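Below is the file coords16.cif, which contains mmCIF, C-alpha atoms and all ligand atoms.
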data_structure
#
loop_
_atom_site.label_atom_id
_atom_site.label_comp_id
_atom_site.auth_asym_id
_atom_site.auth_seq_id
_atom_site.Cartn_x
_atom_site.Cartn_y
_atom_site.Cartn_z
CA MET A 1 135.33 163.01 92.52
CA SER A 2 133.61 161.96 89.32
CA SER A 3 132.32 158.72 90.86
CA VAL A 4 130.21 160.67 93.35
CA ALA A 5 126.47 160.45 92.76
CA PRO A 6 125.30 164.07 92.41
CA VAL A 7 121.72 163.19 93.39
CA SER A 8 120.37 160.88 96.06
CA VAL A 9 117.11 160.00 97.77
CA ALA A 10 117.28 160.43 101.53
CA PRO A 11 116.85 157.75 104.17
CA MET A 12 113.26 158.04 105.46
CA MET A 13 111.69 155.70 107.97
CA GLU A 14 108.44 154.15 106.75
CA CYS A 15 109.06 155.61 103.28
CA THR A 16 112.27 154.44 101.63
CA ASP A 17 111.76 150.72 102.14
CA ARG A 18 112.62 148.26 99.41
CA HIS A 19 109.24 148.62 97.70
CA PHE A 20 109.44 152.36 97.29
CA ARG A 21 113.02 152.04 96.12
CA TYR A 22 111.96 149.47 93.54
CA PHE A 23 109.36 151.91 92.28
CA LEU A 24 111.93 154.70 92.10
CA ARG A 25 114.07 152.46 89.95
CA GLN A 26 111.38 152.49 87.30
CA ILE A 27 111.95 156.24 87.12
CA THR A 28 115.70 156.64 87.70
CA ARG A 29 118.46 154.06 87.46
CA ARG A 30 121.36 156.21 88.63
CA THR A 31 120.13 158.23 91.60
CA LEU A 32 121.72 156.89 94.78
CA LEU A 33 119.09 155.38 97.07
CA TYR A 34 119.33 155.14 100.84
CA THR A 35 117.57 152.65 103.08
CA GLU A 36 115.57 153.72 106.09
CA MET A 37 117.76 153.94 109.18
CA ILE A 38 118.44 150.43 110.46
CA HIS A 39 119.83 150.02 113.95
CA ALA A 40 123.01 147.95 114.07
CA ARG A 41 121.38 145.63 116.60
CA ARG A 42 118.72 144.66 114.10
CA VAL A 43 121.36 143.67 111.57
CA LEU A 44 123.17 141.63 114.19
CA ASP A 45 120.01 139.74 115.13
CA PRO A 46 119.87 136.64 112.88
CA ASP A 47 116.07 136.49 113.23
CA ARG A 48 115.51 140.04 111.98
CA ARG A 49 118.48 140.46 109.69
CA GLU A 50 117.20 139.06 106.42
CA ARG A 51 114.04 141.12 106.40
CA ALA A 52 115.96 144.27 107.28
CA LEU A 53 118.61 143.84 104.61
CA ALA A 54 116.78 142.27 101.66
CA PHE A 55 116.71 144.28 98.45
CA ASP A 56 116.42 143.67 94.74
CA GLU A 57 119.40 143.84 92.38
CA ILE A 58 117.72 146.65 90.44
CA GLU A 59 118.06 148.91 93.51
CA HIS A 60 121.80 149.45 93.00
CA PRO A 61 123.42 151.84 93.69
CA ILE A 62 122.10 151.49 97.22
CA ALA A 63 123.48 152.75 100.52
CA ILE A 64 122.50 151.36 103.90
CA GLN A 65 122.01 153.84 106.70
CA LEU A 66 122.95 152.46 110.10
CA GLY A 67 122.05 153.83 113.49
CA GLY A 68 123.92 153.28 116.74
CA ASP A 69 127.01 154.44 118.57
CA ASP A 70 128.90 151.24 119.37
CA PRO A 71 131.86 150.96 116.97
CA VAL A 72 132.12 147.20 117.36
CA ALA A 73 128.45 146.53 116.67
CA LEU A 74 128.34 149.03 113.81
CA ALA A 75 131.46 147.56 112.21
CA GLU A 76 130.04 144.06 112.38
CA ALA A 77 126.68 145.23 111.04
CA SER A 78 128.33 147.08 108.18
CA GLN A 79 130.33 143.99 107.22
CA ILE A 80 127.15 141.94 107.07
CA ALA A 81 125.44 144.64 105.03
CA VAL A 82 128.27 144.83 102.54
CA ASP A 83 128.26 141.02 102.24
CA HIS A 84 124.61 141.43 101.29
CA GLY A 85 125.69 143.75 98.48
CA TYR A 86 125.22 147.28 99.78
CA ASP A 87 127.33 149.83 97.92
CA GLU A 88 127.87 152.34 100.74
CA VAL A 89 127.54 152.49 104.50
CA ASN A 90 126.11 155.67 106.01
CA LEU A 91 126.02 156.61 109.66
CA ASN A 92 123.00 158.49 111.03
CA VAL A 93 124.09 161.57 112.97
CA GLY A 94 120.95 163.56 112.22
CA CYS A 95 117.92 161.91 113.76
CA PRO A 96 116.49 163.70 116.83
CA SER A 97 113.69 161.25 117.84
CA LYS A 98 113.09 160.43 121.51
CA LYS A 99 114.07 156.82 120.90
CA VAL A 100 117.35 157.89 119.36
CA GLN A 101 118.01 160.32 122.23
CA LYS A 102 117.45 157.52 124.71
CA GLY A 103 120.08 155.45 122.91
CA ASN A 104 122.30 158.53 122.66
CA PHE A 105 122.93 158.19 118.94
CA GLY A 106 121.61 160.03 115.89
CA VAL A 107 121.99 163.78 116.16
CA CYS A 108 123.15 163.51 119.81
CA LEU A 109 126.46 162.33 118.36
CA MET A 110 127.13 165.78 116.91
CA LYS A 111 128.09 166.81 120.42
CA THR A 112 130.80 164.15 120.54
CA PRO A 113 132.71 164.20 117.24
CA GLU A 114 135.38 161.94 118.74
CA VAL A 115 132.83 159.16 119.21
CA VAL A 116 131.75 159.53 115.58
CA ALA A 117 135.41 159.47 114.53
CA ASP A 118 135.88 156.17 116.41
CA VAL A 119 132.84 154.70 114.71
CA VAL A 120 134.00 155.88 111.29
CA LYS A 121 137.43 154.36 111.88
CA ALA A 122 135.84 151.05 112.83
CA LEU A 123 133.57 151.13 109.76
CA MET A 124 136.42 151.96 107.42
CA ASP A 125 138.47 149.09 108.81
CA ALA A 126 135.52 146.73 108.43
CA VAL A 127 134.42 147.42 104.85
CA ASP A 128 135.90 148.48 101.55
CA VAL A 129 132.91 150.42 100.23
CA PRO A 130 132.55 154.17 100.86
CA VAL A 131 131.61 155.21 104.38
CA SER A 132 129.61 158.42 104.78
CA VAL A 133 128.03 160.43 107.57
CA LYS A 134 124.68 162.21 107.48
CA HIS A 135 124.48 165.00 110.01
CA ARG A 136 122.95 168.39 110.65
CA ILE A 137 124.21 171.95 110.89
CA GLY A 138 124.15 171.62 114.65
CA VAL A 139 122.22 170.55 117.71
CA ASP A 140 120.91 172.60 120.65
CA GLU A 141 123.48 175.26 121.55
CA VAL A 142 126.19 173.53 119.51
CA ASP A 143 125.06 175.29 116.36
CA ARG A 144 127.70 177.74 115.19
CA TYR A 145 129.32 177.17 111.81
CA GLU A 146 132.59 176.61 113.67
CA ASP A 147 131.03 173.73 115.65
CA MET A 148 129.97 171.97 112.46
CA ALA A 149 133.34 172.62 110.84
CA ASN A 150 135.05 171.15 113.89
CA PHE A 151 132.78 168.09 113.72
CA VAL A 152 133.64 167.57 110.05
CA GLU A 153 137.34 168.17 110.69
CA VAL A 154 137.50 165.55 113.47
CA VAL A 155 135.45 162.97 111.60
CA SER A 156 137.30 163.48 108.34
CA GLN A 157 140.59 162.92 110.14
CA ALA A 158 139.30 159.44 110.89
CA GLY A 159 139.04 158.87 107.15
CA CYS A 160 135.49 159.85 106.22
CA THR A 161 135.43 161.81 102.98
CA ARG A 162 131.68 162.03 102.36
CA PHE A 163 129.29 164.15 104.38
CA THR A 164 125.61 164.79 103.85
CA VAL A 165 124.42 167.87 105.69
CA HIS A 166 120.77 168.42 106.54
CA ALA A 167 120.97 172.19 106.43
CA ARG A 168 119.13 172.91 109.65
CA LYS A 169 119.92 172.34 113.29
CA ALA A 170 117.87 170.14 115.62
CA TRP A 171 116.51 170.94 119.05
CA LEU A 172 116.50 167.87 121.29
CA GLN A 173 113.95 169.36 123.67
CA GLY A 174 110.75 171.10 122.68
CA LEU A 175 110.53 170.01 119.04
CA ASN A 176 109.40 166.63 117.77
CA PRO A 177 111.11 165.04 114.73
CA ARG A 178 108.58 166.50 112.32
CA GLN A 179 109.00 170.00 113.76
CA ASN A 180 112.75 169.49 113.62
CA ARG A 181 112.36 169.05 109.86
CA ASN A 182 110.40 172.24 109.46
CA VAL A 183 110.94 174.78 112.24
CA PRO A 184 114.69 175.44 112.46
CA PRO A 185 115.59 177.61 109.46
CA LEU A 186 117.54 176.22 106.52
CA ARG A 187 121.12 177.46 106.42
CA TYR A 188 122.33 176.54 102.96
CA ASP A 189 125.15 179.09 103.12
CA ASP A 190 126.77 177.16 105.96
CA VAL A 191 126.86 174.05 103.78
CA TYR A 192 128.32 175.97 100.85
CA ARG A 193 130.94 177.41 103.18
CA LEU A 194 131.77 173.91 104.42
CA LYS A 195 132.52 172.87 100.84
CA ARG A 196 134.74 175.91 100.37
CA ASP A 197 136.61 175.20 103.60
CA PHE A 198 136.96 171.46 102.88
CA PRO A 199 137.30 171.34 99.10
CA ASP A 200 138.67 167.79 99.11
CA LEU A 201 135.66 166.35 100.91
CA VAL A 202 132.47 165.32 99.15
CA ILE A 203 129.75 167.57 100.55
CA GLU A 204 126.11 166.77 99.87
CA ILE A 205 123.38 169.23 100.76
CA ASN A 206 119.97 168.21 102.07
CA GLY A 207 116.83 169.92 103.28
CA GLY A 208 113.90 171.57 101.56
CA ILE A 209 114.93 170.80 97.98
CA LYS A 210 111.84 170.29 95.84
CA THR A 211 112.75 170.45 92.17
CA THR A 212 115.50 169.42 89.78
CA ASP A 213 116.11 173.09 88.98
CA GLU A 214 116.88 173.64 92.67
CA ILE A 215 119.23 170.65 92.60
CA GLU A 216 121.07 172.26 89.70
CA THR A 217 121.48 175.51 91.62
CA HIS A 218 122.91 173.69 94.66
CA LEU A 219 125.32 171.73 92.48
CA GLU A 220 127.02 175.00 91.59
CA GLN A 221 128.22 175.11 95.23
CA VAL A 222 128.44 171.52 96.47
CA ASP A 223 129.04 168.04 95.10
CA ALA A 224 125.62 166.50 95.55
CA ALA A 225 122.05 167.07 96.64
CA MET A 226 119.90 164.68 98.67
CA ILE A 227 116.12 164.81 98.32
CA GLY A 228 113.81 163.57 101.06
CA ARG A 229 110.14 164.49 101.29
CA ALA A 230 109.85 165.78 97.73
CA ALA A 231 111.00 162.37 96.46
CA TYR A 232 108.15 160.71 98.28
CA GLU A 233 105.60 163.35 97.38
CA ASN A 234 106.58 163.58 93.74
CA PRO A 235 108.70 160.59 92.69
CA TRP A 236 108.29 161.68 89.11
CA MET A 237 110.67 164.59 89.73
CA PHE A 238 113.48 162.09 89.00
CA HIS A 239 112.30 161.19 85.52
CA ASP A 240 115.17 163.00 83.81
CA THR A 241 117.87 162.91 86.50
CA ASP A 242 119.84 160.12 84.81
CA THR A 243 120.52 162.17 81.70
CA ARG A 244 120.49 165.57 83.38
CA PHE A 245 122.86 164.90 86.27
CA PHE A 246 124.58 161.56 85.63
CA GLY A 247 125.42 161.87 81.95
CA ALA A 248 123.40 158.77 81.09
CA VAL A 249 122.48 158.41 77.45
CA ALA A 250 118.84 157.77 78.32
CA ASN A 251 116.35 157.78 81.16
CA PRO A 252 114.15 154.74 81.80
CA GLU A 253 111.53 156.62 79.77
CA LEU A 254 108.52 154.78 81.09
CA SER A 255 105.35 156.78 81.46
CA ARG A 256 103.85 156.89 84.95
CA HIS A 257 101.35 154.25 83.91
CA GLU A 258 104.11 152.05 82.56
CA ALA A 259 106.24 152.53 85.67
CA ILE A 260 103.42 151.18 87.81
CA GLU A 261 102.64 148.38 85.37
CA ALA A 262 106.32 147.44 85.42
CA MET A 263 105.86 146.75 89.13
CA PHE A 264 103.21 144.06 88.56
CA PRO A 265 105.50 141.00 88.29
CA TYR A 266 107.42 142.23 91.34
CA ILE A 267 104.20 142.76 93.29
CA GLU A 268 102.84 139.36 92.30
CA LYS A 269 106.04 137.70 93.48
CA HIS A 270 105.76 139.42 96.85
CA LEU A 271 102.08 138.56 97.20
CA VAL A 272 102.94 134.89 96.66
CA GLU A 273 105.53 135.25 99.43
CA GLY A 274 102.80 136.44 101.80
CA GLU A 275 102.97 140.22 101.62
CA ARG A 276 99.86 142.33 101.21
CA LEU A 277 99.24 144.62 98.26
CA SER A 278 99.01 147.62 100.57
CA GLN A 279 102.60 147.15 101.76
CA ILE A 280 103.79 147.95 98.25
CA ALA A 281 100.95 150.00 96.78
CA ARG A 282 100.96 152.50 99.66
CA HIS A 283 104.10 153.95 98.09
CA LEU A 284 102.35 154.63 94.79
CA PHE A 285 99.78 157.16 95.99
CA GLN A 286 101.83 160.11 94.74
CA ALA A 287 102.75 158.59 91.38
CA PHE A 288 100.46 160.99 89.52
CA ASN A 289 101.07 164.03 91.67
CA GLY A 290 99.86 167.11 89.79
CA ILE A 291 98.20 165.17 86.97
CA ALA A 292 94.47 165.33 86.15
CA GLY A 293 92.86 162.25 87.64
CA ALA A 294 95.42 161.90 90.44
CA LYS A 295 92.77 162.47 93.10
CA ALA A 296 90.49 159.77 91.67
CA PHE A 297 93.47 157.42 91.43
CA ARG A 298 94.32 158.02 95.09
CA ARG A 299 90.69 157.65 96.12
CA TYR A 300 90.34 154.32 94.34
CA MET A 301 93.61 153.10 95.81
CA GLY A 302 92.62 154.27 99.29
CA GLN A 303 89.37 152.35 99.12
CA ASN A 304 90.73 149.13 97.69
CA ILE A 305 94.39 148.31 98.31
CA TRP A 306 93.78 147.42 101.96
CA GLU A 307 91.22 144.69 101.17
CA LYS A 308 92.20 141.16 102.06
CA GLY A 309 93.39 139.32 98.96
CA ALA A 310 93.78 142.54 96.92
CA ASP A 311 96.13 142.02 93.98
CA THR A 312 97.48 143.84 90.93
CA SER A 313 94.02 143.96 89.36
CA VAL A 314 93.24 146.68 91.93
CA LEU A 315 96.13 148.73 90.60
CA ALA A 316 95.16 148.06 86.99
CA ARG A 317 91.68 149.36 87.81
CA ALA A 318 93.09 152.38 89.68
CA LEU A 319 95.18 153.28 86.62
CA LEU A 320 92.00 153.68 84.58
CA GLU A 321 91.23 156.76 86.70
CA VAL A 322 94.03 158.67 84.96
CA SER A 323 94.06 159.18 81.22
CA ARG A 324 97.26 158.01 79.56
CA ASP A 325 97.51 161.36 77.80
CA ALA A 326 97.08 163.40 80.96
CA GLU A 327 100.52 162.83 82.32
CA PHE A 328 102.76 165.02 80.29
CA THR A 329 102.77 168.03 82.54
CA SER A 330 103.49 167.99 86.24
CA GLU A 331 102.76 170.58 88.88
CA PRO A 332 103.96 168.88 92.04
CA LYS A 333 102.25 169.69 95.30
CA ILE A 334 104.49 169.05 98.27
CA ARG A 335 102.84 168.42 101.62
CA ALA A 336 104.84 168.52 104.85
CA ILE A 337 105.36 164.97 106.17
C1 LIG B 1 109.16 160.35 107.26
C2 LIG B 1 110.62 160.69 107.40
C3 LIG B 1 111.50 159.76 107.92
C4 LIG B 1 112.86 160.06 108.04
N1 LIG B 1 113.74 159.10 108.45
C5 LIG B 1 115.07 159.35 108.45
C6 LIG B 1 116.03 158.32 108.72
O1 LIG B 1 115.69 157.16 108.93
N2 LIG B 1 117.34 158.66 108.71
C7 LIG B 1 117.77 159.94 108.45
O2 LIG B 1 118.97 160.20 108.45
N3 LIG B 1 116.89 160.92 108.19
C8 LIG B 1 115.57 160.64 108.15
N4 LIG B 1 114.69 161.62 107.80
C9 LIG B 1 115.21 162.95 107.42
C10 LIG B 1 115.47 163.01 105.91
O3 LIG B 1 116.44 162.08 105.52
C11 LIG B 1 115.92 164.41 105.49
O4 LIG B 1 117.14 164.70 106.12
C12 LIG B 1 114.91 165.50 105.88
O5 LIG B 1 113.59 165.10 105.57
C13 LIG B 1 115.23 166.82 105.17
O6 LIG B 1 115.22 166.66 103.78
P1 LIG B 1 113.93 167.07 102.87
O7 LIG B 1 113.58 168.49 103.22
O8 LIG B 1 114.40 166.90 101.45
O9 LIG B 1 112.83 166.14 103.25
C14 LIG B 1 113.34 161.33 107.67
C15 LIG B 1 112.43 162.28 107.16
C16 LIG B 1 111.08 161.96 107.00
C17 LIG B 1 110.15 162.97 106.40
#
Once you've parsed the file, please lay out its structure as structure tokens.
Ligand SMILES: Cc1cc2nc3c(=O)[nH]c(=O)nc-3n(C[C@H](O)[C@H](O)[C@H](O)COP(=O)(O)O)c2cc1C
Amino acid sequence: MSSVAPVSVAPMMECTDRHFRYFLRQITRRTLLYTEMIHARRVLDPDRRERALAFDEIEHPIAIQLGGDDPVALAEASQIAVDHGYDEVNLNVGCPSKKVQKGNFGVCLMKTPEVVADVVKALMDAVDVPVSVKHRIGVDEVDRYEDMANFVEVVSQAGCTRFTVHARKAWLQGLNPRQNRNVPPLRYDDVYRLKRDFPDLVIEINGGIKTTDEIETHLEQVDAAMIGRAAYENPWMFHDTDTRFFGAVANPELSRHEAIEAMFPYIEKHLVEGERLSQIARHLFQAFNGIAGAKAFRRYMGQNIWEKGADTSVLARALLEVSRDAEFTSEPKIRAI
């Protein structure tokens, strides 16, 4: 199991797009990065495919998260994704949004482990990279530990050996996706128990993890920890993960200023290709989370990155709001998103 990444950044719609991932790579080279959920249909559509799948070489190791429930479509989409260079294919069995419910995929699939098993089989036949499943503790009334264990048993029999568990259940009615990330209580013990009951499977824990010290505590019980909101709210938390969790000899060791400056050539290339500064810079608001001057940095960014024709000079100016010496202590503040 030594090839398993012990730390990953979660798939998050509107957050973990290629630009945010590129920024994260200035901070950590080893942490496994997930795409936002991409529906299989989008990958199969030649007009939308390239935009959905494009990423930069520096983003490796990178896993694509697919949504859907049709084994044929998902298998074809995963093949295309792997041809594009993705290192892992992950199936979304955790999302409770209305749209997902209408399509009867995402967390709805926890009620039908056999369907997930069929999908996993199709994916494993289609690609030779690891196939993983991201799911929850349970959904609606199907929320006992035994239900989750049965789900994992059935899906693992189809060949899946890697499971990421968001350690709370979802309610399909009555809670919106945001509430479903905050209201149902975290049940870490159920995830630890899953690892004990399925020692040969790779079990990754997810939900509410905010610091690298917390990651370390979880890793005493499970194989890996996935970080969602905290990664977006405090990307700097990964600055020492390469050495601390992956045995790397060094971290990228750029300061926060340098990490943003290292983005400039990348940003300029994308501006030439017709993107707007805001599409990339919107992911940098939290770069100085907890550092003196962070508020002024955010204010300047908020007032200027949306202007037509804005370029990296806006970022260079925003960086002047934070002293280069101010960034050596961090007190992250995590908002609920
Ligand atoms: C804005 C946002 C978008 C999300 N989009 C996805 C998604 O596309 N696929 C998915 O499996 N989970 C998605 N999630 C859930 C996260 O991957 C993660 O499971 C959840 O936020 C709990 O982890 P955390 O407490 O570390 O944030 C999203 C979460 C947020 C906050």
Task: Within-10 Å residues of ligand LIG 1 (chain B), basis all atoms listed in the file, as a PyMOL selection string - done: chain A and resi 9-16+34-39+65-67+90-97+106-107+133-136+164-168+177-178+180-182+186+205-210+225-233+336-337
Open item on the list: Within 12 Å of (135.6, 178.5, 112.0) in the file's own coordinates, which protein, DNA or RNA residues have an atom, counting all atoms listed in the file? List them as a ChimeraX atom specification.
Closed with: /A:143-153,190,193-194,196-198
Open item on the list: Residues near stretch 313-321 of chain A, anyone? I mean within 6 Å using only C-alpha atoms, not counting same-chain ones fewer than 5 positions away, as number ranges by chain.
Closed with: A: 293, 296-297, 300
Task: Which residue of A:Val127, A:Ala122, A:Val116, A:Asp56 approaches A:Asp83 most closely, using only C-alpha atoms - done: A:Val127
Task: 9 Å contact set for A:Glu268, all atoms listed in the file, chain neighbours under 4 positions out, as a ChimeraX atom specification - done: /A:263-264,272-273,277,311-312
- [ ] Go through A:Asp87, A:Asp70, A:Asp200, A:Asp140 one by one, measure the shortest atom-to-atom distance of each to A:Asp118 using all atoms listed in the file, and give the residue with the smallest value.
- [x] A:Asp70
Open item on the list: I need the residue nearest A:Tyr22 from this list: A:Phe163, A:Trp306, A:Tyr266, A:Tyr192. Use all atoms listed in the file for the distance.
Closed with: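 When distances to A:Tyr22 are compared using all atoms listed in the file, the smallest one comes from A:Tyr266.
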Task: One-decimal distance in Å that lies between atom CA of A:Ser323 and atom CA of A:Phe288 - done: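 Spanning atom CA of A:Phe288 to atom CA of A:Ser323 is a straight-line distance of 10.6 Å.
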Task: A:Arg324, A:Arg162, A:Ala75, A:Ser255 ranked by distance to A:Lys195, top pick (using only C-alpha atoms) - done: A:Arg162
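Interatomic distance, atom CA of A:Gly85 to atom CA of A:Leu109: 27.2 Å.
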